[in-house]
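Q: Would you mind keeping the following structure in view while I ask a few things?
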Amino acid sequence: QTTLVLKDELTYQKLNKEQRFNFYGASHFLNNQNEKDSGLQIPFEVYLQDPMVASEDIGFGFDEKFYVRWEPGLSDGPTSARFAIVDYNSDTGQLMAPAHWNAKEFEFTKDGQPLNANNSDSFQFHQLNVWALLQNALNFFEHGNGLGRPIPWGFEGNRLIVVPHAGYGKNAFYDRESKSLQFYYFGPSSNRVYTCLSADIIHHEFGHAVLDGIRPYFIESSSLETAAFHEFVADFTAILIILRNNTFRKRLVELTKGDWSKAKQLSFIAEEFGRRVKDRPYLRSADNKLRMRNVRGKIISPHNYSQVMTGAMYSILRKISEAYMGENSKLSASQSYYLAVDRMQRTAIQPLDLLPPVDVTFRDYALAVLRAEELSHPKDPNNYFGLMLDVFVQRGILSRRDKREQLESRYLYYPVRMQVFPDIDRLSSSRAAAYRFLDDNREVLFIPRNRDIVVADLYRAKKYARQRRRLPDQIILEYIWREDLQLDDPKYGQLNGTTVSMLCGGTLVFDQNGNVLSWFRKPGTESIGTRKAQKAEQRAGKARQKSFLKEIYGLVRNGQLGLADEQRAASIARRLPTITAREVDGRMQFHLSPHINLSDTDHDKGERQWEISS
């Protein structure tokens, strides 16, 4: 039946209910054009970037054929399986009327009229705009070029609440406790800025939500670098997703003629907001030359710190695009852009599954990028592995010793041999089975006998390499344990006399035969194993513990630590500390607030901030 419908090129208006559900159930076998032909994708109109950019260049105005995948449960809001638009204004107490889903005509409407550029001033269009962009962004991450699996949220439940007009303020944020993305507005009514109309800001906030879902323990961190990594993922998400848009990419090529140095519309993050608040054409720029020595050991914002990694990955994106053009003179600038971003989606997103479950660093991510590159492109005739490695070393993210070790071990078998070889079908069947595997292999995995192991997550991913070639399935197992520490020194201020926990653990990635493809871990101080390996792991764990205590002291000394009750009592539209502490089961746990900074604080001056708007 599917073959017959595609052959006859029937449009979605002609499909009956049974046919549509048949197509939906088989959608993972269809390519993008097949989905459009069969009506599984519905065209909408949305802003490419934001209203200010649209007013200055019509080519960056509306995307008139922005396709969103149909699903059976679409309803007013818009509401779909993973998102619910709830347009409640906390300042006025007003609940806005939702966009109405017309199931017969396959469109969202207001007062019987389809929502599009003609009524873009209506709040219902705002609702549709943010929902459509989020639906597309979710597919970006779940696609085989990304993580190749459904994305969980970092909270109980399966729908992320989206509030397009949360209140008046220069802000937008993701908040796990309210299970929401919240977008604010500011400026006079005659020239108002709505953050829910900025694709950059929407994608940035969604990047936070995704990272919190796949690595929920990152939020329980006292590390500036972990906070900065959250900001990097959010910013680079905005860049990659806009580059996937054909309309945007075509206009970019028209303006730049393939010269990346002129691609300002791409490297600037949140242009409209930046001009209105910072009085400059962007909030942050990915086109920079920052190195780790410019930020390490300095008291700066996570946003500024993040620009080192954002700049490094943007540089890799440029170099890959230029390499494509250099390798094949027949490629147009548009084609090279497309091929580069297609590869960059795999390069930047797939490594997220390899990261340790706690306390991520830029070095962790750089090594994960290189390992994912080895898994996806083992032959690599053009040495893109070397290109990436050089960029990371130049930026100071990796050392020259790291480079030497990466080159020496590149084609070697991954050196992990379990005491009890995994029955991969059994291991992947449940978290209880995964725990038994971990417990059986404590010595090899350096897990203390006296520590309970928590299986943080367990999933199977189906990813792509180039030209949609399927990679072997990846079974990913994340596990953690806690080491409790007593803070017994007045220098810890309000935390003196309390117990805190240092999170330890790792992420194991297996292929479908049970071979270990990757193992990233954060050691504790009580590891067990062979004598030489045990001592090395203990040294690494003690170094982590020392750094952990130093971070806590620095937060207290600089007044950058807040108590959870104080944070929740404050207005969410104000600046608050990045790190808060709360008592959970008799110990103090730290909590990171990964929010885009949309306050009027100038992080380019003073650099004493260690905070994000909350």
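Chain labels follow the order of the structure tokens: the first chain is A, the next B, and so on; residue numbering restarts at 1 in every chain, and ligands are counted from 1 in their shown order.
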From range 140-264 of chain A, collect each residue whose DSSP state is alpha helix (DSSP H) and return the set as a VMD selection string.

A: chain A and resid 140 to 142 199 to 214 224 to 244 246 to 256 264

Q: Would you export the selected residues with C-alpha atoms as an mmCIF file, in the first residue's frame, please?

A:
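Saved the output as selection.cif:
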```cif
data_model
loop_
_atom_site.group_PDB
_atom_site.id
_atom_site.type_symbol
_atom_site.label_atom_id
_atom_site.label_comp_id
_atom_site.auth_asym_id
_atom_site.auth_seq_id
_atom_site.Cartn_x
_atom_site.Cartn_y
_atom_site.Cartn_z
ATOM 1 C CA PHE A 140 17.723 17.256 14.859
ATOM 2 C CA PHE A 141 18.939 15.556 18.039
ATOM 3 C CA GLU A 142 17.031 12.285 17.655
ATOM 4 C CA ALA A 199 15.377 31.058 16.623
ATOM 5 C CA ASP A 200 18.788 31.455 18.277
ATOM 6 C CA ILE A 201 17.309 31.858 21.745
ATOM 7 C CA ILE A 202 14.765 29.059 21.264
ATOM 8 C CA HIS A 203 17.440 26.636 20.082
ATOM 9 C CA HIS A 204 19.841 27.756 22.805
ATOM 10 C CA GLU A 205 17.334 27.051 25.557
ATOM 11 C CA PHE A 206 16.373 23.762 23.976
ATOM 12 C CA GLY A 207 20.050 22.758 23.933
ATOM 13 C CA HIS A 208 20.026 23.132 27.723
ATOM 14 C CA ALA A 209 16.911 20.964 27.998
ATOM 15 C CA VAL A 210 18.408 18.226 25.819
ATOM 16 C CA LEU A 211 21.738 18.142 27.674
ATOM 17 C CA ASP A 212 19.905 18.052 30.998
ATOM 18 C CA GLY A 213 17.876 15.110 29.715
ATOM 19 C CA ILE A 214 20.791 12.999 28.493
ATOM 20 C CA LEU A 224 32.563 26.482 36.168
ATOM 21 C CA GLU A 225 33.653 24.336 33.228
ATOM 22 C CA THR A 226 30.558 22.127 33.459
ATOM 23 C CA ALA A 227 28.397 25.268 33.454
ATOM 24 C CA ALA A 228 30.372 26.562 30.467
ATOM 25 C CA PHE A 229 29.891 23.258 28.644
ATOM 26 C CA HIS A 230 26.128 23.655 29.044
ATOM 27 C CA GLU A 231 26.425 27.082 27.409
ATOM 28 C CA PHE A 232 28.590 25.746 24.591
ATOM 29 C CA VAL A 233 26.093 23.000 23.722
ATOM 30 C CA ALA A 234 23.278 25.555 23.774
ATOM 31 C CA ASP A 235 25.091 28.057 21.535
ATOM 32 C CA PHE A 236 26.386 25.493 19.056
ATOM 33 C CA THR A 237 22.941 23.933 18.837
ATOM 34 C CA ALA A 238 21.664 27.303 17.584
ATOM 35 C CA ILE A 239 24.397 27.497 14.937
ATOM 36 C CA LEU A 240 24.015 23.940 13.622
ATOM 37 C CA ILE A 241 20.232 23.958 13.457
ATOM 38 C CA ILE A 242 20.019 27.232 11.539
ATOM 39 C CA LEU A 243 22.607 25.891 9.092
ATOM 40 C CA ARG A 244 20.402 22.853 8.457
ATOM 41 C CA ASN A 246 17.888 25.269 3.315
ATOM 42 C CA THR A 247 16.404 28.762 2.997
ATOM 43 C CA PHE A 248 18.891 30.270 5.441
ATOM 44 C CA ARG A 249 21.859 28.457 3.902
ATOM 45 C CA LYS A 250 20.911 29.554 0.371
ATOM 46 C CA ARG A 251 20.715 33.204 1.415
ATOM 47 C CA LEU A 252 23.984 32.917 3.345
ATOM 48 C CA VAL A 253 25.746 31.635 0.237
ATOM 49 C CA GLU A 254 24.324 34.491 -1.839
ATOM 50 C CA LEU A 255 25.863 36.985 0.592
ATOM 51 C CA THR A 256 29.198 35.278 1.290
ATOM 52 C CA LYS A 264 28.367 37.101 10.260
#
```

Q: Near Arg431 in chain A, within 8 Å and counting only C-alpha atoms, which residues show up once chain neighbours fewer than 5 positions away are dropped, as a ChimeraX atom specification?

A: /A:455,457-458

Q: When you look at Tyr337 in chain A with a cut-off of 9 Å (counting only C-alpha atoms), what residues show up, excluding the ones that are within fewer than 2 positions of it in the same chain? I need them as a list in words.

A: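 My reading of the contact set: Leu243, Arg249, Val253, Gly258, Arg318, Ser321, Glu322, Tyr324, Ser332, Ala333, Ser334, Gln335, Leu339, Ala340, Val341 and Asp342 of chain A.
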
Q: Any chance you could export the current selection's N, CA and C atoms as a PDB file, in the first residue's frame?

A:
```pdb
ATOM      1  N   LEU A 243      21.900  26.270  10.315  1.00  0.00           N
ATOM      2  CA  LEU A 243      22.607  25.891   9.092  1.00  0.00           C
ATOM      3  C   LEU A 243      21.936  24.721   8.377  1.00  0.00           C
ATOM      4  N   ARG A 249      20.562  28.780   4.500  1.00  0.00           N
ATOM      5  CA  ARG A 249      21.859  28.457   3.902  1.00  0.00           C
ATOM      6  C   ARG A 249      21.980  29.037   2.495  1.00  0.00           C
ATOM      7  N   VAL A 253      24.826  31.821   1.357  1.00  0.00           N
ATOM      8  CA  VAL A 253      25.746  31.635   0.237  1.00  0.00           C
ATOM      9  C   VAL A 253      25.674  32.814  -0.721  1.00  0.00           C
ATOM     10  N   GLY A 258      30.590  31.786  -0.395  1.00  0.00           N
ATOM     11  CA  GLY A 258      31.420  30.716   0.148  1.00  0.00           C
ATOM     12  C   GLY A 258      32.547  31.189   1.044  1.00  0.00           C
ATOM     13  N   ARG A 318      34.273  25.473   9.799  1.00  0.00           N
ATOM     14  CA  ARG A 318      34.797  26.251   8.674  1.00  0.00           C
ATOM     15  C   ARG A 318      35.840  25.456   7.897  1.00  0.00           C
ATOM     16  N   SER A 321      34.300  22.678   5.786  1.00  0.00           N
ATOM     17  CA  SER A 321      33.632  23.212   4.602  1.00  0.00           C
ATOM     18  C   SER A 321      34.654  23.621   3.541  1.00  0.00           C
ATOM     19  N   GLU A 322      35.703  24.299   3.969  1.00  0.00           N
ATOM     20  CA  GLU A 322      36.742  24.730   3.031  1.00  0.00           C
ATOM     21  C   GLU A 322      37.463  23.513   2.433  1.00  0.00           C
ATOM     22  N   TYR A 324      36.103  20.553   1.899  1.00  0.00           N
ATOM     23  CA  TYR A 324      35.208  19.971   0.892  1.00  0.00           C
ATOM     24  C   TYR A 324      35.340  20.698  -0.438  1.00  0.00           C
ATOM     25  N   SER A 332      29.595  23.431  -5.309  1.00  0.00           N
ATOM     26  CA  SER A 332      29.267  24.842  -5.108  1.00  0.00           C
ATOM     27  C   SER A 332      29.436  25.180  -3.636  1.00  0.00           C
ATOM     28  N   ALA A 333      29.425  26.472  -3.322  1.00  0.00           N
ATOM     29  CA  ALA A 333      29.517  26.886  -1.925  1.00  0.00           C
ATOM     30  C   ALA A 333      28.347  26.334  -1.124  1.00  0.00           C
ATOM     31  N   SER A 334      27.159  26.322  -1.742  1.00  0.00           N
ATOM     32  CA  SER A 334      25.979  25.803  -1.056  1.00  0.00           C
ATOM     33  C   SER A 334      26.136  24.324  -0.743  1.00  0.00           C
ATOM     34  N   GLN A 335      26.679  23.562  -1.699  1.00  0.00           N
ATOM     35  CA  GLN A 335      26.874  22.132  -1.478  1.00  0.00           C
ATOM     36  C   GLN A 335      27.925  21.865  -0.406  1.00  0.00           C
ATOM     37  N   LEU A 339      27.258  19.788   3.026  1.00  0.00           N
ATOM     38  CA  LEU A 339      28.035  18.614   3.397  1.00  0.00           C
ATOM     39  C   LEU A 339      28.780  18.833   4.713  1.00  0.00           C
ATOM     40  N   ALA A 340      29.270  20.067   4.909  1.00  0.00           N
ATOM     41  CA  ALA A 340      30.004  20.370   6.137  1.00  0.00           C
ATOM     42  C   ALA A 340      29.096  20.297   7.362  1.00  0.00           C
ATOM     43  N   VAL A 341      27.908  20.888   7.253  1.00  0.00           N
ATOM     44  CA  VAL A 341      27.020  20.879   8.419  1.00  0.00           C
ATOM     45  C   VAL A 341      26.445  19.494   8.647  1.00  0.00           C
ATOM     46  N   ASP A 342      26.253  18.714   7.575  1.00  0.00           N
ATOM     47  CA  ASP A 342      25.787  17.341   7.728  1.00  0.00           C
ATOM     48  C   ASP A 342      26.805  16.528   8.518  1.00  0.00           C
TER      49      ASP A 342
END
```
